[in-house]
Amino acid sequence: MKMRLSPQTLQILDAFLQDPTDWKYGYDLSRNTGLRSGTLYPILMRLADRKLLDTTWEAAEMGKPPRHLYRLTPDGLQFVRESQISRLTEGMRRPAWSEVKN
């Protein structure tokens, strides 16, 4: 799957790689990435629509509202790892510096 990834999307995907099989709350992702909800949640929805994230609702507890949880799907994990490799190899192809011609 070829997809253009914004720097914000890359931040979110990198946050999922810290513990790839763990469920994560949007609030925790926001704190870890520094992204606000208006940026974070649309990205999470797009990733879920593309089947890269599983989503579920945590059951409500006494005095607490239910919360949405997210985690990488197996395809999502593979996609993130491949995109990291792609970013690394792309960075290796770029010259570290270029000569200035007079």
# chains A, B, ... in the order shown; residues from 1 in each chain; ligands from 1
>>> select_by_dssp(residues="chain A", states="strand (DSSP E)", output="compact mmCIF listing (two decimals) with C-alpha atoms, in the first residue's frame")
# COMPACT_ATOMS: atom_id res chain seq x y z
CA LYS A 24 -3.36 3.02 23.30
CA TYR A 25 -5.68 5.84 24.28
CA LEU A 53 -5.30 0.26 13.20
CA ASP A 54 -7.77 -1.78 15.22
CA THR A 55 -10.16 0.27 17.32
CA THR A 56 -12.39 -0.60 20.24
CA TRP A 57 -14.23 1.09 23.05
CA HIS A 68 -11.63 4.75 22.42
CA LEU A 69 -8.55 2.51 22.16
CA TYR A 70 -6.24 1.97 19.20
CA ARG A 71 -3.52 -0.52 18.25
CA LEU A 72 -1.68 -1.56 15.13
>>> closest_residue(among="A:Leu10, A:Leu52, A:Leu47, A:Leu5", to="Thr33 of chain A", atoms="only C-alpha atoms")
A:Leu10
>>> residues_around(residues="Gln11 of chain A", least_positions_apart="4", cutoff="9 Å", atoms="only C-alpha atoms", output="PyMOL selection string")
chain A and resi 6-7+15-16+33+35
>>> select_by_dssp(residues="segment 3-86 of chain A", states="alpha helix (DSSP H)", output="PDB file with C-alpha atoms, in the first residue's frame")
ATOM      1  CA  PRO A   7       5.160  14.299   9.544  1.00  0.00           C
ATOM      2  CA  GLN A   8       2.279  14.110  12.042  1.00  0.00           C
ATOM      3  CA  THR A   9       1.202  10.692  10.769  1.00  0.00           C
ATOM      4  CA  LEU A  10       4.789   9.493  11.050  1.00  0.00           C
ATOM      5  CA  GLN A  11       4.878  10.709  14.670  1.00  0.00           C
ATOM      6  CA  ILE A  12       1.755   8.726  15.475  1.00  0.00           C
ATOM      7  CA  LEU A  13       2.991   5.583  13.758  1.00  0.00           C
ATOM      8  CA  ASP A  14       6.329   5.854  15.556  1.00  0.00           C
ATOM      9  CA  ALA A  15       4.446   6.155  18.874  1.00  0.00           C
ATOM     10  CA  PHE A  16       2.661   2.875  18.125  1.00  0.00           C
ATOM     11  CA  LEU A  17       5.990   1.145  17.535  1.00  0.00           C
ATOM     12  CA  GLY A  26      -5.917   8.899  22.047  1.00  0.00           C
ATOM     13  CA  TYR A  27      -5.075  11.072  25.055  1.00  0.00           C
ATOM     14  CA  ASP A  28      -1.814   9.186  25.636  1.00  0.00           C
ATOM     15  CA  LEU A  29      -0.926   9.441  21.955  1.00  0.00           C
ATOM     16  CA  SER A  30      -1.601  13.169  22.117  1.00  0.00           C
ATOM     17  CA  ARG A  31       0.691  13.564  25.130  1.00  0.00           C
ATOM     18  CA  ASN A  32       3.449  11.432  23.574  1.00  0.00           C
ATOM     19  CA  THR A  33       3.390  13.165  20.191  1.00  0.00           C
ATOM     20  CA  SER A  37      -6.986  16.357  19.068  1.00  0.00           C
ATOM     21  CA  GLY A  38      -7.969  18.216  15.861  1.00  0.00           C
ATOM     22  CA  THR A  39      -4.882  16.759  14.183  1.00  0.00           C
ATOM     23  CA  LEU A  40      -4.614  13.438  16.006  1.00  0.00           C
ATOM     24  CA  TYR A  41      -8.113  11.985  15.685  1.00  0.00           C
ATOM     25  CA  PRO A  42      -8.568  12.530  11.929  1.00  0.00           C
ATOM     26  CA  ILE A  43      -5.244  10.739  11.373  1.00  0.00           C
ATOM     27  CA  LEU A  44      -6.297   7.866  13.644  1.00  0.00           C
ATOM     28  CA  MET A  45      -9.586   7.566  11.736  1.00  0.00           C
ATOM     29  CA  ARG A  46      -7.787   7.472   8.357  1.00  0.00           C
ATOM     30  CA  LEU A  47      -5.376   4.811   9.613  1.00  0.00           C
ATOM     31  CA  ALA A  48      -8.303   2.752  10.923  1.00  0.00           C
ATOM     32  CA  ASP A  49     -10.183   3.172   7.614  1.00  0.00           C
ATOM     33  CA  PRO A  74      -0.631  -6.981  11.762  1.00  0.00           C
ATOM     34  CA  ASP A  75      -0.823  -5.210   8.370  1.00  0.00           C
ATOM     35  CA  GLY A  76      -0.323  -1.895  10.148  1.00  0.00           C
ATOM     36  CA  LEU A  77       2.782  -3.146  11.914  1.00  0.00           C
ATOM     37  CA  GLN A  78       4.215  -4.411   8.641  1.00  0.00           C
ATOM     38  CA  PHE A  79       3.365  -1.102   6.937  1.00  0.00           C
ATOM     39  CA  VAL A  80       5.046   0.944   9.691  1.00  0.00           C
ATOM     40  CA  ARG A  81       8.184  -1.168   9.615  1.00  0.00           C
ATOM     41  CA  GLU A  82       8.364  -0.942   5.814  1.00  0.00           C
ATOM     42  CA  SER A  83       7.834   2.827   5.901  1.00  0.00           C
ATOM     43  CA  GLN A  84      10.647   3.176   8.457  1.00  0.00           C
ATOM     44  CA  ILE A  85      12.989   1.173   6.230  1.00  0.00           C
ATOM     45  CA  SER A  86      11.938   3.284   3.264  1.00  0.00           C
TER      46      SER A  86
END
>>> closest_residue(among="A:Arg50, A:Thr73, A:Gly63, A:Arg36", to="Pro20 of chain A", atoms="only C-alpha atoms")
A:Thr73
